[in-house]
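**Q** File follows, input.txt with compact mmCIF, C-alpha atoms:
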```txt
# COMPACT_ATOMS: atom_id res chain seq x y z
CA PHE A 20 0.00 0.00 0.00
CA ILE A 21 2.79 2.41 0.91
CA LEU A 22 4.62 1.62 -2.35
CA LEU A 23 1.48 2.34 -4.38
CA SER A 24 0.53 5.48 -2.44
CA ASN A 25 2.40 8.74 -2.96
CA SER A 26 0.57 10.63 -0.20
CA TYR A 27 1.74 10.62 3.42
CA ARG A 28 4.29 7.86 2.77
CA GLU A 29 6.66 8.95 5.55
CA ILE A 30 3.75 9.22 8.01
CA PHE A 31 2.52 5.73 7.10
CA LEU A 32 6.00 4.27 7.68
CA LEU A 33 6.33 5.92 11.08
CA GLN A 34 2.85 4.83 12.13
CA GLY A 35 3.79 1.33 10.97
CA ILE A 36 5.79 1.08 14.20
CA THR A 37 2.43 0.56 15.97
CA LEU A 38 1.93 -2.62 13.91
CA VAL A 39 5.22 -3.94 15.26
CA ALA A 40 4.17 -2.80 18.73
CA SER A 41 0.97 -4.85 18.52
CA MET A 42 3.08 -8.01 18.06
CA PHE A 43 4.55 -7.44 21.53
CA ASP A 44 1.29 -6.53 23.30
CA VAL A 45 0.80 -9.12 26.08
CA SER A 46 -1.45 -6.96 28.26
CA TRP A 47 -4.27 -9.47 27.58
CA TYR A 48 -2.39 -12.05 29.68
CA PHE A 49 -2.23 -9.84 32.77
CA MET A 50 -5.84 -8.74 32.27
CA GLY A 51 -6.89 -12.39 32.22
CA ARG A 52 -4.95 -12.91 35.43
CA GLU A 53 -6.63 -9.80 36.89
CA ASN A 54 -3.17 -8.36 37.49
CA PHE A 55 -3.89 -4.81 36.32
CA LYS A 56 -1.15 -3.30 38.46
CA VAL A 57 1.49 -4.35 35.92
CA THR A 58 -0.23 -2.94 32.81
CA VAL A 59 -1.51 0.25 34.43
CA GLY A 60 1.73 1.05 36.26
CA ARG A 61 4.06 0.52 33.33
CA ASN A 62 1.84 2.21 30.75
CA PHE A 63 1.27 5.19 33.05
CA ILE A 64 5.03 5.80 33.25
CA ILE A 65 5.44 5.44 29.48
CA LYS A 66 2.51 7.77 28.80
CA ILE A 67 4.02 10.42 31.08
CA LEU A 68 7.35 10.12 29.24
CA THR A 69 5.53 10.34 25.90
CA VAL A 70 3.71 13.54 26.87
CA PHE A 71 6.96 15.02 28.25
CA SER A 72 8.75 14.18 24.98
CA ILE A 73 6.01 15.85 22.92
CA PHE A 74 6.35 19.09 24.90
CA LEU A 75 10.14 18.85 24.67
CA PHE A 76 10.58 18.09 20.95
CA VAL A 77 7.40 19.27 19.20
CA HIS A 78 7.24 23.04 18.68
CA SER A 79 5.74 23.70 15.23
CA PRO A 80 3.81 22.02 12.35
CA LYS A 81 7.20 21.08 10.87
CA ASP A 82 7.67 18.65 13.76
CA LEU A 83 4.75 16.44 12.67
CA THR A 84 6.98 13.44 11.90
CA ILE A 85 8.70 13.78 15.30
CA TYR A 86 5.25 13.86 16.96
CA ILE A 87 4.13 10.69 15.14
CA PHE A 88 7.40 8.91 15.93
CA ILE A 89 7.06 9.73 19.66
CA LEU A 90 3.50 8.35 19.77
CA SER A 91 4.34 5.19 17.78
CA PHE A 92 7.59 4.45 19.58
CA GLY A 93 5.92 5.17 22.93
CA THR A 94 3.34 2.45 22.17
CA LEU A 95 6.12 -0.01 21.27
CA LEU A 96 8.12 0.86 24.40
CA GLY A 97 5.02 0.51 26.59
CA ASN A 98 4.30 -2.98 25.25
CA LEU A 99 7.93 -4.11 25.58
CA SER A 100 8.13 -2.83 29.16
CA ILE A 101 5.62 -5.46 30.33
CA TRP A 102 7.61 -8.46 29.05
CA PRO A 103 10.05 -8.74 32.01
CA TYR A 104 7.03 -9.53 34.25
CA LEU A 105 6.35 -12.67 32.15
CA LYS A 106 9.60 -14.26 33.27
CA LYS A 107 8.13 -15.73 36.46
CA GLU A 108 4.68 -16.30 34.96
CA VAL A 109 5.11 -18.46 31.87
CA TYR A 110 7.23 -21.31 30.59
CA PHE A 111 8.00 -22.68 27.13
CA PRO A 112 4.99 -24.77 26.08
CA ASP A 113 4.80 -28.23 24.61
CA ILE A 114 3.79 -27.41 21.03
CA LYS A 115 1.89 -30.70 20.65
CA GLN A 116 -0.28 -29.89 23.65
CA LEU A 117 -1.40 -26.45 22.42
CA LYS A 118 -4.26 -27.64 20.13
CA ILE A 119 -4.21 -24.35 18.24
CA SER A 120 -6.80 -25.45 15.67
CA GLY A 121 -9.41 -25.79 18.43
CA HIS A 122 -9.06 -22.10 19.28
CA LEU A 123 -9.16 -20.73 15.72
CA PRO A 124 -12.99 -20.68 15.28
CA ASN A 125 -13.48 -18.54 18.43
CA ILE A 126 -10.57 -16.30 17.47
CA LEU A 127 -12.14 -15.69 14.05
CA ILE A 128 -15.54 -14.98 15.64
CA LEU A 129 -13.92 -12.37 17.91
CA PHE A 130 -11.94 -11.00 14.97
CA ILE A 131 -15.13 -9.93 13.13
CA PRO A 132 -16.40 -7.45 15.79
CA VAL A 133 -12.87 -6.05 16.21
CA VAL A 134 -12.77 -5.28 12.48
CA ALA A 135 -16.32 -3.88 12.62
CA THR A 136 -15.34 -1.61 15.52
CA GLN A 137 -12.34 -0.34 13.58
CA VAL A 138 -14.62 0.32 10.62
CA CYS A 139 -16.73 2.58 12.86
CA ILE A 140 -13.63 4.38 14.16
CA VAL A 141 -11.65 4.75 10.93
CA LEU A 142 -14.08 4.61 8.01
CA ASN A 143 -16.02 7.72 9.00
CA ARG A 144 -12.78 9.75 8.89
CA ILE A 145 -11.88 8.32 5.47
CA ILE A 146 -15.35 9.13 4.11
CA LEU A 147 -15.20 12.59 5.74
CA GLY A 148 -11.85 13.23 4.05
CA ILE A 149 -13.17 12.13 0.64
CA LEU A 150 -16.59 13.81 0.78
CA ASP A 151 -15.57 16.92 2.72
CA SER A 152 -11.91 17.82 3.39
CA VAL A 153 -8.70 16.76 5.16
CA GLU A 154 -9.10 19.79 7.46
CA SER A 155 -12.48 18.44 8.61
CA VAL A 156 -10.82 15.12 9.45
CA GLY A 157 -8.36 17.03 11.63
CA TYR A 158 -11.13 18.85 13.50
CA PHE A 159 -13.13 15.65 13.90
CA SER A 160 -10.09 13.73 15.15
CA GLN A 161 -9.42 16.32 17.87
CA SER A 162 -13.00 16.05 19.12
CA SER A 163 -12.90 12.25 19.01
CA GLN A 164 -9.66 12.17 21.00
CA VAL A 165 -11.21 14.21 23.81
CA ILE A 166 -14.28 11.94 23.81
CA ASN A 167 -12.10 8.81 23.82
CA VAL A 168 -10.00 10.06 26.74
CA ALA A 169 -13.17 10.94 28.68
CA SER A 170 -14.89 7.63 27.90
CA SER A 171 -11.80 5.55 28.78
CA VAL A 172 -12.74 5.86 32.46
CA VAL A 173 -15.99 3.92 32.01
CA VAL A 174 -14.68 1.61 29.28
CA SER A 175 -11.78 0.53 31.51
CA ILE A 176 -14.31 -0.74 34.07
CA GLY A 177 -15.47 -3.28 31.47
CA ILE A 178 -11.89 -4.45 30.91
CA VAL A 179 -11.51 -5.02 34.65
CA MET A 180 -14.88 -6.76 34.99
CA LEU A 181 -14.45 -9.13 32.02
CA PRO A 182 -12.12 -11.65 33.75
CA ARG A 183 -14.06 -11.34 37.03
CA VAL A 184 -17.39 -12.19 35.36
CA SER A 185 -15.67 -14.97 33.37
CA ASN A 186 -14.49 -16.55 36.63
CA MET A 187 -17.95 -16.29 38.17
CA LYS A 188 -19.48 -17.82 35.06
CA ALA A 189 -16.99 -20.70 35.24
CA GLU A 190 -18.19 -21.28 38.82
CA ASN A 191 -21.87 -21.21 37.62
CA ASN A 192 -22.52 -18.25 39.93
CA PHE A 193 -25.10 -16.52 37.74
CA ASP A 194 -26.86 -14.88 40.69
CA GLY A 195 -23.55 -13.31 41.67
CA VAL A 196 -23.06 -12.11 38.08
CA GLN A 197 -26.47 -10.43 38.10
CA VAL A 198 -25.81 -8.64 41.39
CA LEU A 199 -22.36 -7.56 40.20
CA LEU A 200 -23.61 -6.21 36.86
CA TYR A 201 -26.48 -4.32 38.50
CA LYS A 202 -23.89 -2.60 40.70
CA THR A 203 -21.55 -2.01 37.75
CA PHE A 204 -24.39 -0.53 35.69
CA ASN A 205 -25.02 2.03 38.43
CA ILE A 206 -21.32 2.79 38.74
CA VAL A 207 -20.72 3.35 35.00
CA THR A 208 -23.94 5.38 34.68
CA GLY A 209 -23.05 7.48 37.72
CA ILE A 210 -19.60 8.19 36.27
CA ALA A 211 -20.52 8.54 32.57
CA VAL A 212 -23.34 11.06 33.13
CA PRO A 213 -21.22 13.80 34.80
CA ILE A 214 -18.40 13.29 32.28
CA SER A 215 -20.85 13.60 29.37
CA PHE A 216 -22.78 16.58 30.79
CA GLY A 217 -19.53 18.19 31.93
CA LEU A 218 -18.16 18.10 28.38
CA LEU A 219 -21.47 19.46 27.09
CA GLY A 220 -21.13 22.35 29.52
CA ILE A 221 -17.57 23.42 28.67
CA SER A 222 -17.14 22.35 25.01
CA LEU A 223 -17.88 25.66 23.27
CA SER A 224 -15.20 27.60 25.17
CA PHE A 225 -12.84 24.72 25.93
CA ALA A 226 -12.15 23.74 22.30
CA PRO A 227 -10.74 27.10 21.08
CA PHE A 228 -8.94 27.60 24.41
CA PHE A 229 -7.27 24.17 24.40
CA PHE A 230 -6.68 23.60 20.67
CA GLY A 231 -6.38 27.22 19.49
CA GLY A 232 -8.52 29.96 18.00
CA ASN A 233 -8.92 28.17 14.66
CA TYR A 234 -10.63 25.21 16.34
CA ASP A 235 -13.97 26.87 17.25
CA ILE A 236 -15.84 24.22 15.25
CA VAL A 237 -14.50 21.44 17.50
CA GLY A 238 -16.74 22.69 20.35
CA PRO A 239 -20.09 21.92 18.63
CA ILE A 240 -18.69 18.58 17.41
CA MET A 241 -17.79 17.64 20.99
CA MET A 242 -21.31 18.56 22.11
CA ILE A 243 -22.82 16.21 19.51
CA GLN A 244 -20.44 13.38 20.47
CA ALA A 245 -20.59 13.85 24.27
CA PRO A 246 -23.77 11.72 24.77
CA THR A 247 -21.94 8.72 23.24
CA ILE A 248 -20.03 8.40 26.53
CA ILE A 249 -23.24 7.35 28.31
CA PHE A 250 -24.31 4.90 25.59
CA MET A 251 -20.79 3.46 25.38
CA ALA A 252 -20.89 2.87 29.13
CA TRP A 253 -24.21 1.00 28.89
CA SER A 254 -23.27 -1.12 25.86
CA ASN A 255 -19.96 -1.87 27.59
CA VAL A 256 -21.89 -3.47 30.46
CA PHE A 257 -24.11 -5.54 28.15
CA GLY A 258 -21.40 -6.47 25.64
CA THR A 259 -17.97 -6.63 27.27
CA GLN A 260 -19.16 -7.53 30.77
CA PHE A 261 -21.88 -10.04 29.88
CA LEU A 262 -22.09 -11.27 26.27
CA LEU A 263 -18.34 -11.94 25.92
CA PRO A 264 -17.77 -13.73 29.28
CA PHE A 265 -20.88 -15.85 28.63
CA ASN A 266 -19.59 -16.87 25.20
CA ARG A 267 -22.48 -15.20 23.38
CA MET A 268 -20.11 -14.44 20.49
CA LYS A 269 -22.72 -14.61 17.73
CA THR A 270 -25.02 -12.12 19.47
CA TYR A 271 -22.14 -9.77 20.26
CA THR A 272 -20.81 -9.96 16.70
CA VAL A 273 -24.22 -9.31 15.14
CA SER A 274 -24.74 -6.17 17.25
CA VAL A 275 -21.30 -4.73 16.43
CA VAL A 276 -21.55 -5.53 12.70
CA ILE A 277 -24.98 -3.90 12.47
CA GLU A 278 -23.55 -0.85 14.23
CA ALA A 279 -20.73 -0.69 11.67
CA ILE A 280 -23.15 -0.99 8.72
CA ILE A 281 -25.44 1.74 10.10
CA SER A 282 -22.43 3.97 10.76
CA LEU A 283 -21.27 3.49 7.15
CA VAL A 284 -24.72 4.25 5.70
CA LEU A 285 -25.21 7.31 7.94
CA ASN A 286 -21.79 8.68 6.98
CA LEU A 287 -22.56 8.33 3.27
CA VAL A 288 -25.94 10.04 3.75
CA LEU A 289 -25.20 12.73 6.36
CA ILE A 290 -21.68 13.92 5.43
CA PRO A 291 -22.71 15.21 1.97
CA ILE A 292 -25.58 17.12 3.66
CA TRP A 293 -24.02 18.41 6.91
CA GLY A 294 -20.31 17.77 6.42
CA ILE A 295 -18.34 17.33 9.64
CA MET A 296 -21.52 17.61 11.77
CA GLY A 297 -22.97 14.69 9.81
CA ALA A 298 -19.97 12.55 10.76
CA ALA A 299 -20.48 13.46 14.43
CA PHE A 300 -24.19 12.62 14.30
CA SER A 301 -23.48 9.27 12.59
CA ILE A 302 -21.11 8.25 15.40
CA THR A 303 -23.62 9.19 18.10
CA ILE A 304 -26.57 7.47 16.39
CA SER A 305 -24.59 4.26 15.74
CA GLU A 306 -23.59 4.10 19.44
CA VAL A 307 -27.28 4.41 20.39
CA VAL A 308 -28.12 1.60 17.95
CA LEU A 309 -25.42 -0.66 19.47
CA PHE A 310 -26.79 -0.05 22.97
CA VAL A 311 -30.41 -0.73 21.91
CA LEU A 312 -29.44 -3.97 20.13
CA GLN A 313 -27.41 -5.31 23.06
CA ALA A 314 -30.12 -4.32 25.54
CA TYR A 315 -32.59 -6.28 23.40
CA PHE A 316 -30.30 -9.33 23.35
CA VAL A 317 -29.93 -9.43 27.16
CA ARG A 318 -33.57 -8.59 27.99
CA LYS A 319 -34.26 -12.17 29.14
CA ASP A 320 -31.14 -12.31 31.31
CA PHE A 321 -31.70 -9.05 33.18
CA SER A 322 -34.62 -6.86 34.12
CA ILE A 323 -33.94 -3.81 31.95
CA LYS A 324 -36.53 -1.91 33.98
CA ASN A 325 -34.62 -2.57 37.22
CA LEU A 326 -31.32 -1.66 35.56
CA PHE A 327 -32.70 1.74 34.54
CA ASN A 328 -34.61 2.27 37.76
CA GLU A 329 -32.24 5.00 39.00
CA VAL A 330 -30.99 6.39 35.71
CA TRP A 331 -33.32 9.40 36.03
CA LYS A 332 -31.55 10.37 39.28
CA TYR A 333 -28.15 10.50 37.56
CA LEU A 334 -29.57 12.33 34.53
CA PHE A 335 -31.35 14.90 36.71
CA SER A 336 -28.14 15.45 38.70
CA GLY A 337 -26.24 15.84 35.42
CA ILE A 338 -28.72 18.38 34.05
CA VAL A 339 -28.47 20.52 37.21
CA MET A 340 -24.66 20.35 37.01
CA PHE A 341 -24.70 21.15 33.28
CA SER A 342 -26.93 24.22 33.78
CA ILE A 343 -24.49 25.77 36.26
CA ILE A 344 -21.35 24.91 34.28
CA PHE A 345 -22.81 26.10 30.97
CA PHE A 346 -23.84 29.43 32.55
CA MET A 347 -20.29 29.92 33.85
CA ASN A 348 -18.84 28.87 30.50
CA VAL A 349 -20.86 31.47 28.61
CA HIS A 350 -20.44 34.36 31.05
CA PHE A 351 -16.78 33.98 32.13
CA GLU A 352 -13.60 34.08 30.09
CA MET A 353 -11.99 30.67 29.71
CA SER A 354 -8.70 30.06 31.52
CA VAL A 355 -6.95 27.22 33.34
CA PHE A 356 -8.27 28.61 36.61
CA GLN A 357 -11.81 28.79 35.21
CA ILE A 358 -11.63 25.18 34.00
CA LEU A 359 -10.50 23.99 37.44
CA ILE A 360 -13.24 26.04 39.15
CA GLN A 361 -15.92 24.67 36.81
CA ILE A 362 -14.73 21.10 37.33
CA LEU A 363 -14.69 21.56 41.11
CA ILE A 364 -18.16 23.17 41.18
CA GLY A 365 -19.48 20.49 38.83
CA ILE A 366 -18.22 17.70 41.12
CA VAL A 367 -19.67 19.36 44.23
CA VAL A 368 -23.07 19.93 42.58
CA TYR A 369 -23.26 16.41 41.09
CA VAL A 370 -22.20 14.66 44.30
CA SER A 371 -24.60 16.81 46.35
CA MET A 372 -27.49 15.87 44.04
CA ASN A 373 -26.54 12.18 44.35
CA ILE A 374 -26.65 12.51 48.14
CA VAL A 375 -30.03 14.27 48.08
CA LEU A 376 -31.51 11.68 45.70
CA ASN A 377 -29.77 8.83 47.58
CA THR A 378 -28.48 7.06 44.47
CA THR A 379 -27.03 3.55 44.54
CA LEU A 380 -23.65 4.95 43.56
CA TRP A 381 -23.68 7.26 46.58
CA SER A 382 -24.79 4.41 48.90
CA MET A 383 -21.90 2.22 47.71
CA SER A 384 -19.43 5.12 47.94
CA PHE A 385 -20.62 6.02 51.45
CA LYS A 386 -20.08 2.43 52.66
CA ILE A 387 -16.53 2.49 51.31
CA ILE A 388 -15.81 5.91 52.88
CA LYS A 389 -17.29 4.76 56.20
CA LYS A 390 -15.19 1.57 56.12
CA ILE A 391 -11.98 3.54 55.44
CA LEU A 392 -12.61 6.18 58.10
CA PHE A 393 -14.07 3.96 60.81
```
Show me, as C-alpha cells, the structure contained in the file I just sent.
**A**
Amino acid sequence: FILLSNSYREIFLLQGITLVASMFDVSWYFMGRENFKVTVGRNFIIKILTVFSIFLFVHSPKDLTIYIFILSFGTLLGNLSIWPYLKKEVYFPDIKQLKISGHLPNILILFIPVVATQVCIVLNRIILGILDSVESVGYFSQSSQVINVASSVVVSIGIVMLPRVSNMKAENNFDGVQVLLYKTFNIVTGIAVPISFGLLGISLSFAPFFFGGNYDIVGPIMMIQAPTIIFMAWSNVFGTQFLLPFNRMKTYTVSVVIEAIISLVLNLVLIPIWGIMGAAFSITISEVVLFVLQAYFVRKDFSIKNLFNEVWKYLFSGIVMFSIIFFMNVHFEMSVFQILIQILIGIVVYVSMNIVLNTTLWSMSFKIIKKILF
C-alpha cells in the first residue's frame, strides 16, 4: 500500500511502528490474570514520558513526523516494558499440547467485531476526508480524541470486569453475576453522566482555548459526540461484561456488525448534507443503535426496567450540574483557573445531588468511605 501510495508515505511508515508494537502486546495475559497493576503502572510511566517528549521536541507544524514517531515508539516501548514480568509467569509450552486449531474458530468470531469496531472508528474519517476535506478530518479527530479520553474511564471498568465475570461464570454463579452487573451498571452510569454533561457544559469555550482559535468548530462537534459516553458505558456493560464472558459471540458480533453498517450508511448520507456535523451525528446514532441492540439481546437475562430504575436520578443530577457549568462557560472568560473552578463546582453539585436523591452509587461510595474512616 505504501509503495502504491504517494501521499503521506513517511507518516505511514512511522505509524507502521504501531503494527510492530501490537506483536509485543501481552497486556491481555495480565488482564486475564486480573493483574492490572502491571499494565496500568508501566503504561502510566510510558505515557508520562511520551507527553513530556512531545512538549520537549514538538514546537511547530514542521515537527509532525517527530510527533508521530514519539506516539508510535511510545506504544512499542510501553508494550515491551511489560515483558520482564512474564519471566516468572510463563514457561515454554509443549507445542503438541497447544491444540491451536481448536481455538481458531473462536478467534475468528472475535476477529469480526474487532474489524467492525475499527470500521466505525476509521471509516467515518476516510469518508469525511473524501466527501468533505482533510481539514475536517483534523477537526473531527481532535474532538474524538477528547471523547475517547473521557470515555476511557468507564470503558476501563469493562476491561476489569471481564475476567471477574468470566471466573464467576466458570463457577456457575449466575446470581452473583447479576448482582455484580447491576452494581456495575449504576457505577458506569453514575460516572458517565457527569463526564458527558460536563463536556457538554464546557465544550464551546474549551475547544478554542485548548486547541487554538482556529478550532472553534470542534466545540459543537464535541457537544454532539458527548452523549456517546453514556451509551458506550451502557453497551460496555451488556457487551464486554456479559455477552463476551458468557460466550455469546454470535449475538455480540451481530450487534457490532450492524452498528458498523449503520455507521457506514449514515456517513454516506449525512456527510454530503451536513459535512463534519454529519460525521459526528453518525457516530452518536450508531452508538445508540449498538446499545439498543445489546439491551434487546440481554432482555431475558436481566430486568432492563430494574437496571434503569435510578438512571433518572443520575440524569437529573447531570442536568443541574450542566446548567451551572454552561452558565459559567458562557459568562466567564476561559482560563486554566476557570476550568478547574468549573470542574470543582461540577463535582460538588453532582455529588450533592446524588446525596439528596440517595443514588445507589452514593450508597456504595458512602459504605466504602465509612469503612476507610471507621
**Q** Hey, can you check how far CA of Gly35 in chain A sits from CA of Thr69 in chain A?
**A**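 Answer for the CA of Gly35 in chain A to CA of Thr69 in chain A separation: 17.5 Å.
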**Q** Take CA of Val330 in chain A and CA of Phe257 in chain A and report the distance between them in Å, one decimal.
**A** 15.7 Å
**Q** Which residues, written as a list in words, have at least one atom at most 9 Å from Ile366 in chain A, with only C-alpha atoms counted and residues fewer than 5 positions away on the same chain left out?
**A**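 Counting only C-alpha atoms, the residues come to Pro213, Met340, Gln361 and Ser371 of chain A.
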**Q** For a test of reading the model, state the distance in Å between CA of Val133 in chain A and CA of Leu99 in chain A, rounded to one decimal.
**A** 22.9 Å
**Q** Enclose the full set of atoms of range 369-382 of chain A listed in the file within a box whose edges lie along x, y and z, apply 8 Å of padding to each of the six sides, and report centre and edge lengths in Å to one decimal as AutoDock Vina command-line options.
**A**
```
--center_x -26.9 --center_y 10.2 --center_z 45.0 --size_x 25.3 --size_y 29.3 --size_z 23.8
```
**Q** Neighbouring residues of Thr247 in chain A were defined as those with any atom within 8 Å, considering all atoms listed in the file; residues of the same chain fewer than 6 positions away were excluded. Please report them as number ranges by chain.
**A** A: 215, 302-303, 306-307
**Q** Would you pick out the contacts of Tyr315 in chain A at 12 Å or less, using all atoms listed in the file, so that residues sharing its chain but fewer than 4 positions from it are not included, and give the list as number ranges by chain?
**A** A: 254, 257-258, 262, 270-271, 274, 308-311, 319-323
**Q** Within 9 Å of range 217-219 of chain A, counting only C-alpha atoms, which residues qualify if same-chain residues fewer than 3 places away don't, as a ChimeraX atom specification?
**A** /A:166,169,212-214,222-223,225,238-239,241-243,245-246,337,340-341,344-345,361-362,365
**Q** Convert the current residue selection to file output with C-alpha atoms, as a PDB file, in the coordinates of the input.
**A**
```
ATOM      1  CA  ILE A 166     -14.280  11.940  23.810  1.00  0.00           C
ATOM      2  CA  ALA A 169     -13.170  10.940  28.680  1.00  0.00           C
ATOM      3  CA  VAL A 212     -23.340  11.060  33.130  1.00  0.00           C
ATOM      4  CA  PRO A 213     -21.220  13.800  34.800  1.00  0.00           C
ATOM      5  CA  ILE A 214     -18.400  13.290  32.280  1.00  0.00           C
ATOM      6  CA  SER A 222     -17.140  22.350  25.010  1.00  0.00           C
ATOM      7  CA  LEU A 223     -17.880  25.660  23.270  1.00  0.00           C
ATOM      8  CA  PHE A 225     -12.840  24.720  25.930  1.00  0.00           C
ATOM      9  CA  GLY A 238     -16.740  22.690  20.350  1.00  0.00           C
ATOM     10  CA  PRO A 239     -20.090  21.920  18.630  1.00  0.00           C
ATOM     11  CA  MET A 241     -17.790  17.640  20.990  1.00  0.00           C
ATOM     12  CA  MET A 242     -21.310  18.560  22.110  1.00  0.00           C
ATOM     13  CA  ILE A 243     -22.820  16.210  19.510  1.00  0.00           C
ATOM     14  CA  ALA A 245     -20.590  13.850  24.270  1.00  0.00           C
ATOM     15  CA  PRO A 246     -23.770  11.720  24.770  1.00  0.00           C
ATOM     16  CA  GLY A 337     -26.240  15.840  35.420  1.00  0.00           C
ATOM     17  CA  MET A 340     -24.660  20.350  37.010  1.00  0.00           C
ATOM     18  CA  PHE A 341     -24.700  21.150  33.280  1.00  0.00           C
ATOM     19  CA  ILE A 344     -21.350  24.910  34.280  1.00  0.00           C
ATOM     20  CA  PHE A 345     -22.810  26.100  30.970  1.00  0.00           C
ATOM     21  CA  GLN A 361     -15.920  24.670  36.810  1.00  0.00           C
ATOM     22  CA  ILE A 362     -14.730  21.100  37.330  1.00  0.00           C
ATOM     23  CA  GLY A 365     -19.480  20.490  38.830  1.00  0.00           C
TER      24      GLY A 365
END
```
**Q** Go through range 254-370 of chain A residue by residue and, counting only C-alpha atoms, keep those with an atom at most 8 Å from range 121-128 of chain A; for each kept residue give the shortest atom pair and its distance in Å to one decimal, ordered by chain and increasing number, as CSV.
**A**
```
residue,atom,partner,partner_atom,distance
A:Met268,CA,A:Ile128,CA,6.7
A:Lys269,CA,A:Ile128,CA,7.5
A:Thr272,CA,A:Ile128,CA,7.4
```
**Q** Go ahead and write the selection's residues with C-alpha atoms as a compact mmCIF listing (two decimals), in the frame of the given file.
**A**
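Generated file (out_34.txt):
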```txt
# COMPACT_ATOMS: atom_id res chain seq x y z
CA MET A 268 -20.11 -14.44 20.49
CA LYS A 269 -22.72 -14.61 17.73
CA THR A 272 -20.81 -9.96 16.70
```
**Q** Would you give me, as a Markdown table, each residue of range 98-195 of chain A having an atom within 9 Å of an atom of range 279-289 of chain A, along with its shortest atom pair and that distance in Å to one decimal, using all atoms listed in the file and sorting by chain and residue number?
**A**
```
| residue | atom | partner | partner_atom | distance |
| --- | --- | --- | --- | --- |
| A:Ala135 | CA | A:Ala279 | CA | 5.5 |
| A:Thr136 | CA | A:Ala279 | CA | 6.7 |
| A:Gln137 | CA | A:Ala279 | CA | 8.6 |
| A:Val138 | CA | A:Ala279 | CA | 6.3 |
| A:Cys139 | CA | A:Ala279 | CA | 5.3 |
| A:Leu142 | CA | A:Leu283 | CA | 7.3 |
| A:Asn143 | CA | A:Asn286 | CA | 6.2 |
| A:Ile146 | CA | A:Asn286 | CA | 7.1 |
| A:Leu147 | CA | A:Asn286 | CA | 7.8 |
| A:Leu150 | CA | A:Leu287 | CA | 8.5 |
```
**Q** For Val275 in chain A, which residue among A:Ile131, A:Val256, A:Val237, A:Ala314 is the nearest when counting only C-alpha atoms?
**A** A:Ile131
**Q** For Val70 in chain A, work out the shell of residues within 12 Å, counting only C-alpha atoms and skipping chain neighbours fewer than 6 positions away, then give it as a PDB file with C-alpha atoms, in the frame of the given file.
**A**
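As a result, around02.pdb now contains:
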```pdb
ATOM      1  CA  PHE A  63       1.270   5.190  33.050  1.00  0.00           C
ATOM      2  CA  ILE A  64       5.030   5.800  33.250  1.00  0.00           C
ATOM      3  CA  PHE A  76      10.580  18.090  20.950  1.00  0.00           C
ATOM      4  CA  VAL A  77       7.400  19.270  19.200  1.00  0.00           C
ATOM      5  CA  TYR A  86       5.250  13.860  16.960  1.00  0.00           C
ATOM      6  CA  ILE A  89       7.060   9.730  19.660  1.00  0.00           C
ATOM      7  CA  LEU A  90       3.500   8.350  19.770  1.00  0.00           C
ATOM      8  CA  GLY A  93       5.920   5.170  22.930  1.00  0.00           C
TER       9      GLY A  93
END
```
